[in-house]
Each structure stands twice: as structure tokens, then as C-alpha cells.
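The next block is work_12.tsv, given as TSV, C-alpha atoms and all ligand atoms.
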```tsv
chain	number	residue	atom	x	y	z
J	8	MET	CA	0.00	0.00	0.00
J	9	ARG	CA	1.45	3.37	-1.05
J	10	LYS	CA	1.75	5.98	1.65
J	11	GLN	CA	-0.59	8.92	1.37
J	12	ILE	CA	-0.39	12.43	2.74
J	13	THR	CA	-3.81	13.94	3.38
J	14	ASP	CA	-5.56	16.72	5.26
J	15	PHE	CA	-8.20	15.13	7.50
J	16	THR	CA	-10.95	17.14	9.23
J	17	ILE	CA	-11.77	16.56	12.89
J	18	VAL	CA	-15.46	15.59	12.94
J	19	GLU	CA	-15.66	14.45	16.57
J	20	LYS	CA	-13.54	14.99	19.65
J	21	GLN	CA	-14.09	13.12	22.90
J	22	VAL	CA	-12.21	14.06	26.04
J	23	PHE	CA	-12.09	11.30	28.66
J	24	ASN	CA	-9.98	13.03	31.30
J	25	GLU	CA	-6.92	15.30	31.51
J	26	THR	CA	-4.79	12.61	29.91
J	27	TYR	CA	-6.78	10.88	27.17
J	28	PHE	CA	-8.88	12.04	24.22
J	29	THR	CA	-9.98	10.71	20.84
J	30	LEU	CA	-10.18	12.48	17.49
J	31	LYS	CA	-12.43	11.12	14.76
J	32	LEU	CA	-10.99	12.30	11.45
J	33	GLN	CA	-12.76	12.56	8.13
J	34	HIS	CA	-10.87	11.64	4.96
J	35	PRO	CA	-11.83	13.98	2.06
J	36	GLY	CA	-12.28	11.03	-0.30
J	37	ILE	CA	-12.16	7.25	-0.06
J	38	LEU	CA	-10.12	5.82	2.80
J	39	PRO	CA	-7.58	3.20	1.62
J	40	GLU	CA	-7.33	-0.20	3.33
J	41	ILE	CA	-5.78	0.15	6.79
J	42	LYS	CA	-4.38	-2.89	8.56
J	43	ALA	CA	-4.67	-3.37	12.31
J	44	GLY	CA	-1.44	-2.19	13.92
J	45	GLN	CA	-0.57	0.41	11.30
J	46	PHE	CA	-0.04	4.01	12.34
J	47	VAL	CA	-0.10	7.60	11.10
J	48	GLU	CA	2.46	10.38	11.38
J	49	VAL	CA	0.53	13.44	12.50
J	50	GLU	CA	1.68	16.98	11.80
J	51	VAL	CA	1.24	19.13	14.88
J	52	PRO	CA	-0.08	22.48	13.63
J	53	GLY	CA	0.40	25.85	15.27
J	54	ASN	CA	3.30	24.99	17.60
J	55	LYS	CA	6.70	26.10	16.21
J	56	GLN	CA	8.47	24.09	18.95
J	57	VAL	CA	7.07	20.85	17.52
J	58	VAL	CA	8.76	20.33	14.18
J	59	LEU	CA	8.56	16.57	13.78
J	60	ARG	CA	5.36	14.66	13.11
J	61	ARG	CA	4.16	12.40	15.94
J	62	PRO	CA	3.43	8.67	15.41
J	63	ILE	CA	-0.04	7.60	16.56
J	64	SER	CA	-1.70	4.19	16.10
J	65	ILE	CA	-4.90	3.84	14.17
J	66	HIS	CA	-7.44	3.13	16.89
J	67	ASP	CA	-10.58	2.68	14.79
J	68	VAL	CA	-11.55	2.68	11.13
J	69	ASP	CA	-15.01	3.31	9.65
J	70	THR	CA	-14.86	2.50	5.94
J	71	ASP	CA	-18.56	3.35	5.41
J	72	ASN	CA	-17.97	6.94	6.48
J	73	ASN	CA	-14.26	7.21	5.52
J	74	THR	CA	-13.15	8.13	9.03
J	75	ILE	CA	-10.35	6.99	11.28
J	76	THR	CA	-10.12	7.56	15.03
J	77	LEU	CA	-6.99	8.20	17.08
J	78	LEU	CA	-6.77	7.63	20.85
J	79	ILE	CA	-4.14	10.01	22.24
J	80	GLN	CA	-2.46	10.31	25.62
J	81	VAL	CA	-1.11	13.76	26.50
J	82	VAL	CA	2.56	13.35	27.44
J	83	GLY	CA	4.33	16.42	26.03
J	84	LYS	CA	4.23	19.44	23.70
J	85	GLY	CA	2.92	17.68	20.59
J	86	THR	CA	0.11	15.70	22.17
J	87	LYS	CA	-0.85	18.73	24.31
J	88	THR	CA	-1.19	20.86	21.16
J	89	LEU	CA	-3.30	18.13	19.52
J	90	SER	CA	-5.51	18.03	22.62
J	91	ASN	CA	-6.39	21.70	22.07
J	92	MET	CA	-7.68	21.14	18.53
J	93	LYS	CA	-11.39	21.46	17.85
J	94	GLU	CA	-14.03	19.87	15.67
J	95	GLY	CA	-13.74	21.40	12.16
J	96	ASP	CA	-9.93	21.84	12.42
J	97	THR	CA	-7.69	20.14	9.87
J	98	ILE	CA	-4.83	17.73	10.59
J	99	ASN	CA	-2.29	16.62	8.00
J	100	MET	CA	-1.27	12.97	8.24
J	101	VAL	CA	1.05	10.54	6.45
J	102	TYR	CA	-0.43	7.04	6.46
J	103	PRO	CA	-0.86	4.09	6.55
J	104	LEU	CA	2.61	3.37	7.96
J	105	GLY	CA	4.35	0.20	9.11
J	106	HIS	CA	3.41	-3.46	9.14
J	107	GLY	CA	0.38	-4.52	11.12
J	108	PHE	CA	-0.60	-7.62	13.08
J	109	SER	CA	-0.88	-10.98	11.29
J	110	LEU	CA	-4.49	-11.75	12.40
J	111	GLU	CA	-3.48	-15.39	12.95
J	112	GLY	CA	-4.61	-17.71	15.73
J	113	GLU	CA	-7.72	-19.37	17.10
J	114	LYS	CA	-7.45	-19.00	20.87
J	115	VAL	CA	-6.28	-15.40	20.95
J	116	LEU	CA	-5.37	-13.03	23.79
J	117	LEU	CA	-4.89	-9.27	23.35
J	118	VAL	CA	-2.99	-7.47	26.11
J	119	GLY	CA	-2.95	-3.66	26.22
J	120	GLY	CA	-1.73	-1.08	28.68
J	121	GLY	CA	-1.87	2.73	28.68
J	122	ALA	CA	-1.93	4.29	25.21
J	123	GLY	CA	-1.02	0.82	23.92
J	124	ILE	CA	-4.72	0.02	24.11
J	125	ALA	CA	-5.16	2.21	21.01
J	126	PRO	CA	-4.41	-0.26	18.19
J	127	LEU	CA	-6.32	-3.11	19.88
J	128	LEU	CA	-9.82	-1.88	18.94
J	129	HIS	CA	-9.22	-2.01	15.17
J	130	LEU	CA	-7.37	-5.31	15.78
J	131	SER	CA	-10.38	-6.78	17.65
J	132	LYS	CA	-12.68	-5.81	14.79
J	133	CYS	CA	-10.36	-7.27	12.14
J	134	LEU	CA	-10.05	-10.54	14.13
J	135	ASN	CA	-13.87	-10.73	14.40
J	136	LEU	CA	-14.12	-10.45	10.61
J	137	LYS	CA	-12.02	-13.65	10.49
J	138	GLY	CA	-14.33	-15.34	13.02
J	139	ILE	CA	-11.87	-14.92	15.90
J	140	HIS	CA	-13.27	-13.63	19.22
J	141	PRO	CA	-10.30	-12.82	21.46
J	142	VAL	CA	-9.94	-12.39	25.18
J	143	ILE	CA	-9.10	-8.67	25.56
J	144	LEU	CA	-7.11	-7.89	28.70
J	145	LEU	CA	-6.59	-4.19	29.42
J	146	GLY	CA	-4.44	-2.82	32.21
J	147	GLY	CA	-3.55	0.45	33.89
J	148	ARG	CA	-2.50	1.89	37.22
J	149	THR	CA	-6.09	2.93	37.93
J	150	LYS	CA	-9.54	2.86	36.27
J	151	SER	CA	-9.30	6.38	34.75
J	152	LEU	CA	-6.12	5.38	32.91
J	153	ILE	CA	-8.08	2.80	30.91
J	154	PRO	CA	-10.17	5.30	28.91
J	155	ILE	CA	-11.69	2.88	26.41
J	156	GLN	CA	-13.68	0.05	28.00
J	157	LYS	CA	-17.21	-0.57	26.65
J	158	GLU	CA	-16.09	-0.09	23.03
J	159	PHE	CA	-14.37	-3.49	23.15
J	160	GLU	CA	-17.37	-5.45	24.46
J	161	PRO	CA	-18.90	-6.47	21.09
J	162	TYR	CA	-15.61	-7.99	19.93
J	163	GLY	CA	-14.50	-10.39	22.66
J	164	GLN	CA	-14.34	-11.18	26.35
J	165	VAL	CA	-13.06	-8.00	27.99
J	166	CYS	CA	-11.14	-8.15	31.31
J	167	PHE	CA	-9.35	-5.50	33.31
J	168	ALA	CA	-6.40	-5.37	35.68
J	169	THR	CA	-5.60	-2.25	37.71
J	170	GLU	CA	-2.80	-1.82	40.20
J	171	ASP	CA	-5.16	-0.22	42.75
J	172	GLY	CA	-8.05	-2.65	42.11
J	173	SER	CA	-10.41	0.16	40.96
J	174	LEU	CA	-11.42	-1.85	37.86
J	175	GLY	CA	-11.28	-5.61	37.35
J	176	GLU	CA	-8.70	-7.69	39.21
J	177	LYS	CA	-6.08	-5.98	41.36
J	178	GLY	CA	-2.54	-6.26	40.03
J	179	LEU	CA	-0.64	-6.30	36.75
J	180	VAL	CA	-2.06	-7.74	33.53
J	181	THR	CA	0.40	-10.63	33.83
J	182	GLN	CA	-1.13	-11.50	37.24
J	183	HIS	CA	-4.71	-11.55	35.92
J	184	SER	CA	-6.48	-14.93	36.12
J	185	MET	CA	-7.19	-14.87	32.36
J	186	PHE	CA	-3.56	-14.22	31.42
J	187	SER	CA	-2.25	-17.75	31.95
J	188	ARG	CA	-5.08	-19.57	30.18
J	189	ASP	CA	-4.49	-21.70	27.13
J	190	TYR	CA	-3.90	-19.47	24.04
J	191	ASP	CA	-2.19	-20.08	20.73
J	192	HIS	CA	-1.59	-16.42	19.92
J	193	ILE	CA	-1.00	-13.25	21.97
J	194	TYR	CA	-0.93	-9.70	20.59
J	195	THR	CA	0.35	-6.95	22.84
J	196	CYS	CA	0.94	-3.18	22.89
J	197	GLY	CA	1.75	-0.95	25.85
J	198	PRO	CA	4.57	0.04	28.19
J	199	THR	CA	7.86	-1.70	27.43
J	200	PRO	CA	8.15	-3.64	30.75
J	201	MET	CA	4.60	-4.98	30.25
J	202	MET	CA	5.28	-6.09	26.67
J	203	LYS	CA	8.56	-7.75	27.68
J	204	ALA	CA	6.81	-9.68	30.47
J	205	VAL	CA	4.01	-10.76	28.12
J	206	ALA	CA	6.48	-11.78	25.40
J	207	ARG	CA	8.68	-13.69	27.87
J	208	HIS	CA	5.64	-15.67	29.08
J	209	ALA	CA	4.63	-16.43	25.48
J	210	LEU	CA	8.12	-17.61	24.51
J	211	ASP	CA	8.33	-19.81	27.65
J	212	LYS	CA	4.96	-21.42	26.85
J	213	GLY	CA	5.54	-21.74	23.09
J	214	ILE	CA	2.72	-19.31	22.28
J	215	GLU	CA	2.99	-17.18	19.15
J	216	CYS	CA	3.28	-13.56	20.24
J	217	GLU	CA	3.28	-10.28	18.31
J	218	VAL	CA	4.55	-7.14	19.99
J	219	SER	CA	3.83	-3.61	18.75
J	220	LEU	CA	6.77	-1.37	19.69
J	221	GLU	CA	6.39	2.35	20.37
J	222	ASN	CA	9.99	3.53	19.96
J	223	MET	CA	10.58	7.25	19.55
J	224	MET	CA	10.39	8.18	15.88
J	225	ALA	CA	11.29	11.06	13.61
J	226	CYS	CA	10.83	10.47	9.85
J	227	GLY	CA	8.50	7.45	10.17
J	228	ILE	CA	9.61	6.05	6.79
J	229	GLY	CA	12.94	4.31	7.44
J	230	ALA	CA	15.25	7.22	6.52
J	231	CYS	CA	16.70	8.55	9.79
J	232	LEU	CA	17.36	5.30	11.74
J	233	CYS	CA	16.37	6.93	15.03
J	234	CYS	CA	13.79	4.25	15.83
J	235	VAL	CA	15.90	1.07	15.56
J	236	VAL	CA	15.40	-1.95	17.81
J	237	ASP	CA	18.14	-4.49	18.49
J	238	SER	CA	16.40	-7.54	16.98
J	239	ASP	CA	17.89	-11.03	16.76
J	240	GLN	CA	18.60	-10.33	13.06
J	241	GLY	CA	20.36	-7.01	13.77
J	242	HIS	CA	19.01	-3.49	13.94
J	243	LYS	CA	15.52	-3.05	12.49
J	244	CYS	CA	13.64	0.18	11.89
J	245	VAL	CA	10.50	0.04	14.00
J	246	CYS	CA	8.71	2.52	11.71
J	247	LYS	CA	9.32	0.56	8.48
J	248	GLU	CA	9.95	-3.06	9.51
J	249	GLY	CA	7.56	-2.87	12.48
J	250	PRO	CA	6.00	-1.55	14.59
J	251	VAL	CA	4.69	-5.12	14.97
J	252	PHE	CA	7.32	-7.86	15.42
J	253	ASN	CA	7.05	-11.53	16.27
J	254	ALA	CA	8.49	-11.98	19.79
J	255	LYS	CA	10.77	-14.71	18.41
J	256	GLN	CA	12.66	-11.95	16.54
J	257	LEU	CA	13.13	-9.92	19.70
J	258	THR	CA	14.77	-12.20	22.28
J	259	ASN	CA	17.67	-9.68	22.64
J	260	TRP	CA	15.20	-6.89	23.35
J	261	ILE	CA	13.05	-9.05	25.65
J	262	ASN	CA	16.00	-10.17	27.78
J	263	ASN	CA	17.69	-6.76	27.86
J	264	LYS	CA	16.55	-5.31	31.19
J	301	LIG	C1	4.17	3.31	16.26
J	301	LIG	C2	3.73	4.19	17.41
J	301	LIG	C3	2.39	4.28	17.72
J	301	LIG	C4	1.97	5.10	18.77
J	301	LIG	N1	0.65	5.16	19.03
J	301	LIG	C5	0.20	6.00	20.00
J	301	LIG	C6	-1.19	6.12	20.23
J	301	LIG	O1	-2.03	5.49	19.57
J	301	LIG	N2	-1.59	6.98	21.20
J	301	LIG	C7	-0.70	7.71	21.94
J	301	LIG	O2	-1.12	8.48	22.80
J	301	LIG	N3	0.64	7.60	21.75
J	301	LIG	C8	1.09	6.77	20.79
J	301	LIG	N4	2.46	6.68	20.56
J	301	LIG	C9	3.38	7.48	21.38
J	301	LIG	C10	3.40	8.92	20.84
J	301	LIG	O3	3.97	8.94	19.55
J	301	LIG	C11	4.20	9.82	21.77
J	301	LIG	O4	3.60	9.86	23.04
J	301	LIG	C12	4.27	11.24	21.19
J	301	LIG	O5	5.06	11.25	20.03
J	301	LIG	C13	4.85	12.19	22.21
J	301	LIG	O6	4.90	13.46	21.62
J	301	LIG	P1	4.86	14.77	22.52
J	301	LIG	O7	5.33	15.90	21.65
J	301	LIG	O8	3.55	14.95	23.18
J	301	LIG	O9	5.88	14.45	23.65
J	301	LIG	P2	7.43	14.89	23.70
J	301	LIG	O10	7.46	16.30	24.17
J	301	LIG	O11	8.11	14.54	22.41
J	301	LIG	O12	7.91	13.90	24.83
J	301	LIG	C14	7.30	13.94	26.13
J	301	LIG	C15	7.72	12.70	26.88
J	301	LIG	O13	7.21	11.53	26.23
J	301	LIG	C16	8.28	10.66	25.90
J	301	LIG	N5	7.98	10.05	24.60
J	301	LIG	C17	7.94	10.66	23.40
J	301	LIG	N6	7.66	9.77	22.43
J	301	LIG	C18	7.53	8.57	23.04
J	301	LIG	C19	7.29	7.25	22.59
J	301	LIG	N7	7.13	6.94	21.29
J	301	LIG	N8	7.25	6.27	23.51
J	301	LIG	C20	7.43	6.54	24.80
J	301	LIG	N9	7.68	7.76	25.29
J	301	LIG	C21	7.75	8.75	24.43
J	301	LIG	C22	9.52	11.54	25.85
J	301	LIG	O14	10.69	10.80	26.17
J	301	LIG	C23	9.23	12.53	26.93
J	301	LIG	O15	9.54	12.04	28.21
J	301	LIG	C24	2.92	5.85	19.53
J	301	LIG	C25	4.28	5.75	19.22
J	301	LIG	C26	4.67	4.93	18.17
J	301	LIG	C27	6.12	4.84	17.83
J	302	LIG	S1	11.70	7.06	12.40
J	302	LIG	FE1	13.19	7.48	10.91
J	302	LIG	S2	13.92	5.49	10.45
J	302	LIG	FE2	12.25	5.12	11.76
```
Structure encoded using C-alpha cells:
Amino acid sequence: MRKQITDFTIVEKQVFNETYFTLKLQHPGILPEIKAGQFVEVEVPGNKQVVLRRPISIHDVDTDNNTITLLIQVVGKGTKTLSNMKEGDTINMVYPLGHGFSLEGEKVLLVGGGAGIAPLLHLSKCLNLKGIHPVILLGGRTKSLIPIQKEFEPYGQVCFATEDGSLGEKGLVTQHSMFSRDYDHIYTCGPTPMMKAVARHALDKGIECEVSLENMMACGIGACLCCVVDSDQGHKCVCKEGPVFNAKQLTNWINNK
């Protein structure tokens, strides 16, 4: 799929709390096919201190209405500027970028934490289209840091783990009672320590596991090498050769504390 560069219009903005918001963005024409796990590089308008585009996962896709939705966590200048944008504003994006998830498996577990929950909604929908209904395990420090909950319900069995016990079972996702069930495929996105723990478990149990990395990026197209991961086959650009990798390719990264 060729990359496109397009001005999208914000048609809906939802603010969940001080940290998380979603933007539903209208494509001016026909949206191309977007695979689960692919991302966009968003230009941040109106802030001269933010020169580089910011990589954001594609959270949801509506092909009937030619919209995509982004779920964004405010962490710094770029995401703060995006959080101040309004319905009717325009955002320029390069997309669809990277390689997505394989959509393989029968007994499938999705594990998401923090902003890493973002790509799992489109993934759940794409798995459903293949007749796969995953267990969807979402984690966060506390309930308000898991902004998207009900949206997942039509697509699988949704479970929660919070460190303070405010939603679902108390503890980390890897301590949840559904985590150690019998799966043949695990897909994960979230904080690095969480993904490493999930991937380590999968490798130990012989479960196929795909990890979506969120390394810092600049160009987003494989030109600047600032996003490389130390894979078992050498350095790989996360933006171009990922962001999704099979955990078997990442044993260096997984074991590197
Ligand atoms: C493929 C990919 C998909 C992503 N998808 C999403 C998404 O769907 N939703 C979302 O909210 N975020 C997502 N991110 C992370 C997002 O790109 C960063 O949070 C954002 O670029 C930060 O920009 P900023 O200007 O607000 O922060 P900056 O001012 O640039 O940085 C603020 C702080 O955030 C840290 N930071 C910056 N970028 C990252 C990063 N990539 N990973 C971890 N820490 C970072 C910096 O070290 C710094 O401490 C994704 C990242 C990648 C690589
Ligand atoms: S961000 Fe430039 S090579 Fe990946």
C-alpha cells in the first residue's frame, strides 16, 4: 500500500480526562485499506516548537464513512497541542505506515496497557471479521487510565487489571487470572516492561506472540534510523519493519533489562 499524505478534518472529539482524548478524522475522499497495527504520522499544527510529526496508532476505522479515530495520551508538547484542537480543524497525516498484526490464531489473547490500548480496537474488529473472538485484557494503574472500556465489548471477552483494584482484578495484567489460560496467539501493545513480560511468558509457553513497539520516531519512513530496535537479526527500523514484530525476533530486546 502506497503511503498517502492527506488533510483530514476533525469531525468528533471526545475528552475522557486530563490525559486521554480521541479524534475522529474525516478523509476527504475514499479511505484506503488500513491494517490493524498500522499508524499515522501526525503533523502538529500551530506549535513552532514541535517540528517533527508524531506517530499515533490507528485506533478505529469506519470505511462506510471514511473516518479513522486516534486515541491520544497527553505526554508532552505535541500531544498537548493536539488536545487543544477542535471539531472542524484540519490535521495533515502521512499514512498508513508500518506493518500490522498478522491476524493469525484461534485462541487469541490481546494485552494492552496505557496508550497501547489504542491499536487493539481495530485489531479486535479485524479478528472478528475472520471469526476470531479474542480475550481482551486491558491494564492500567487505575480505572481512569483505561479510557476505552465498553467499546471493546462487542468484539471479545473483555477483562481488566488495575494496580489499585479500581477496575477488574487488582494487580498487573500478567497477574490476571485470564492471562495464563491456554492461548495459541498473543498480541500486545503498551509500556515496554509490560510487553517484555508478556512476550517472555509467550516464549516460555511456546505461544505465538506479536509485539507492537512504540519507539521514539522522527521520519517514520525508514530514513533517519532513530527508531531502531536491536532484533535477533540485527538493527531493524521500528517505523518501516515494524512496529509489529514476532516476539521470536526480539529475544535480545526481551531479555535486555
Ligand atoms: C508506532 C507508534 C504508535 C503510537 N501510538 C500511539 C497512540 O495510539 N496513542 C498515543 O497516545 N501515543 C502513541 N504513541 C506514542 C506517541 O507517539 C508519543 O507519546 C508522542 O510522540 C509524544 O509526543 P509529545 O510531543 O507529546 O511528547 P514529547 O514532548 O516529544 O515527549 C514527552 C515525553 O514523552 C516521551 N515520549 C515521546 N515519544 C515517546 C514514545 N514513542 N514512547 C514513549 N515515550 C515517548 C519523551 O521521552 C518525553 O519524556 C505511539 C508511538 C509509536 C512509535
Ligand atoms: S523514524 Fe526514521 S527510520 Fe524510523
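The closest residue to Val115 (chain J), picked from J:Leu134, J:Ile155, J:Val236, J:Cys196 and counting only C-alpha atoms, is J:Leu134.
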Please list as a list in words every residue within 8 Å of region 27-40 of chain J, counting only C-alpha atoms and excluding residues in the same chain fewer than 5 positions away.
Thr13, Asp14, Phe15, Thr16, Ile17, Val18, Glu19, Lys20, Gln21, Val22, Thr70, Asn72, Asn73, Thr74, Ile75, Thr76, Leu77, Leu78, Ile79, Gln80, Val81, Ser90, Leu152 and Pro154 of chain J
Identify, counting only C-alpha atoms and all ligand atoms, the protein, DNA and RNA residues located within 7 Å of ligand LIG 301 (chain J), and give them as a ChimeraX atom specification.
/J:46,57,61-66,77-87,122-123,125-126,220-224,246,250
Quote the spacing between CA of Ile139 (chain J) and CA of Pro200 (chain J) in Å to one decimal place.
27.4 Å
Rows by chain and residue number, chain J within 7 Å of ligand LIG 302 (chain J), shortest pair, only C-alpha atoms and all ligand atoms, as JSON lines:
```
{"residue": "J:Met224", "atom": "CA", "partner": "J:LIG302", "partner_atom": "S1", "distance": 3.9}
{"residue": "J:Ala225", "atom": "CA", "partner": "J:LIG302", "partner_atom": "S1", "distance": 4.2}
{"residue": "J:Cys226", "atom": "CA", "partner": "J:LIG302", "partner_atom": "FE1", "distance": 4.0}
{"residue": "J:Gly227", "atom": "CA", "partner": "J:LIG302", "partner_atom": "S1", "distance": 3.9}
{"residue": "J:Ile228", "atom": "CA", "partner": "J:LIG302", "partner_atom": "FE1", "distance": 5.6}
{"residue": "J:Gly229", "atom": "CA", "partner": "J:LIG302", "partner_atom": "S2", "distance": 3.4}
{"residue": "J:Ala230", "atom": "CA", "partner": "J:LIG302", "partner_atom": "S2", "distance": 4.5}
{"residue": "J:Cys231", "atom": "CA", "partner": "J:LIG302", "partner_atom": "FE1", "distance": 3.8}
{"residue": "J:Leu232", "atom": "CA", "partner": "J:LIG302", "partner_atom": "S2", "distance": 3.7}
{"residue": "J:Cys233", "atom": "CA", "partner": "J:LIG302", "partner_atom": "FE1", "distance": 5.2}
{"residue": "J:Cys234", "atom": "CA", "partner": "J:LIG302", "partner_atom": "FE2", "distance": 4.4}
{"residue": "J:Val235", "atom": "CA", "partner": "J:LIG302", "partner_atom": "FE2", "distance": 6.6}
{"residue": "J:Cys244", "atom": "CA", "partner": "J:LIG302", "partner_atom": "FE2", "distance": 5.1}
{"residue": "J:Val245", "atom": "CA", "partner": "J:LIG302", "partner_atom": "FE2", "distance": 5.8}
{"residue": "J:Cys246", "atom": "CA", "partner": "J:LIG302", "partner_atom": "FE2", "distance": 4.4}
{"residue": "J:Lys247", "atom": "CA", "partner": "J:LIG302", "partner_atom": "FE2", "distance": 6.3}
```
Between J:Met100, J:Leu116, J:Met201, J:Leu128, single out the one closest to Gln164 (chain J), counting all atoms listed in the file.
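Among the listed residues, the smallest separation from Gln164 (chain J) belongs to J:Leu116.
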Could you check how far CA of Asp67 (chain J) sits from CA of Ile153 (chain J), in Å to one decimal?
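Computing the Euclidean distance for CA of Asp67 (chain J) and CA of Ile153 (chain J) yields 16.3 Å.
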Please provide as an mmCIF file with C-alpha atoms, keeping the file's coordinate frame all residues within 8 Å of Lys203 (chain J), with the sequence filter that same-chain residues fewer than 6 positions apart are discarded (counting only C-alpha atoms).
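Okay, result_0.cif is ready:
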```cif
data_model
loop_
_atom_site.group_PDB
_atom_site.id
_atom_site.type_symbol
_atom_site.label_atom_id
_atom_site.label_comp_id
_atom_site.auth_asym_id
_atom_site.auth_seq_id
_atom_site.Cartn_x
_atom_site.Cartn_y
_atom_site.Cartn_z
ATOM 1 C CA TRP J 260 15.200 -6.890 23.350
ATOM 2 C CA ILE J 261 13.050 -9.050 25.650
ATOM 3 C CA ASN J 262 16.000 -10.170 27.780
#
```
Region 64-146 of chain J near region 166-190 of chain J within 10 Å: what's each residue's closest atom pair and its distance in Å to one decimal, counting all atoms listed in the file, ordered by chain then ascending residue number, as a tab-separated table?
```
residue	atom	partner	partner_atom	distance
J:Gly112	CA	J:Tyr190	CA	8.5
J:Glu113	CA	J:Tyr190	CA	7.9
J:Lys114	CA	J:Tyr190	CA	4.8
J:Val115	CA	J:Tyr190	CA	5.6
J:Leu116	CA	J:Tyr190	CA	6.6
J:Leu117	CA	J:Phe186	CA	9.6
J:Val118	CA	J:Val180	CA	7.5
J:Gly119	CA	J:Val180	CA	8.4
J:Gly120	CA	J:Val180	CA	8.2
J:Pro141	CA	J:Tyr190	CA	9.6
J:Val142	CA	J:Cys166	CA	7.5
J:Ile143	CA	J:Cys166	CA	6.1
J:Leu144	CA	J:Cys166	CA	4.8
J:Leu145	CA	J:Phe167	CA	4.9
J:Gly146	CA	J:Ala168	CA	4.7
```
Report, in Å to a single decimal, how far apart CA of Glu158 (chain J) and CA of Gly105 (chain J) are.
24.7 Å
Might you pull out every residue within 9 Å of Cys133 (chain J), with only C-alpha atoms counted and same-chain residues fewer than 6 positions away left off, and present them as number ranges by chain?
J: 42-43, 110, 139
For Gln45 (chain J), the nearest of the candidates J:Leu104, J:Ala204, J:Leu210, J:Leu59, counting only C-alpha atoms
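Among J:Leu104, J:Ala204, J:Leu210, J:Leu59, it is J:Leu104 that comes nearest to Gln45 (chain J).
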Using only C-alpha atoms, can you tell me which of J:Glu94, J:Asp191, J:Glu48, J:Glu111 comes closest to Ile214 (chain J)?
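So, comparing all the options, the nearest one is J:Asp191.
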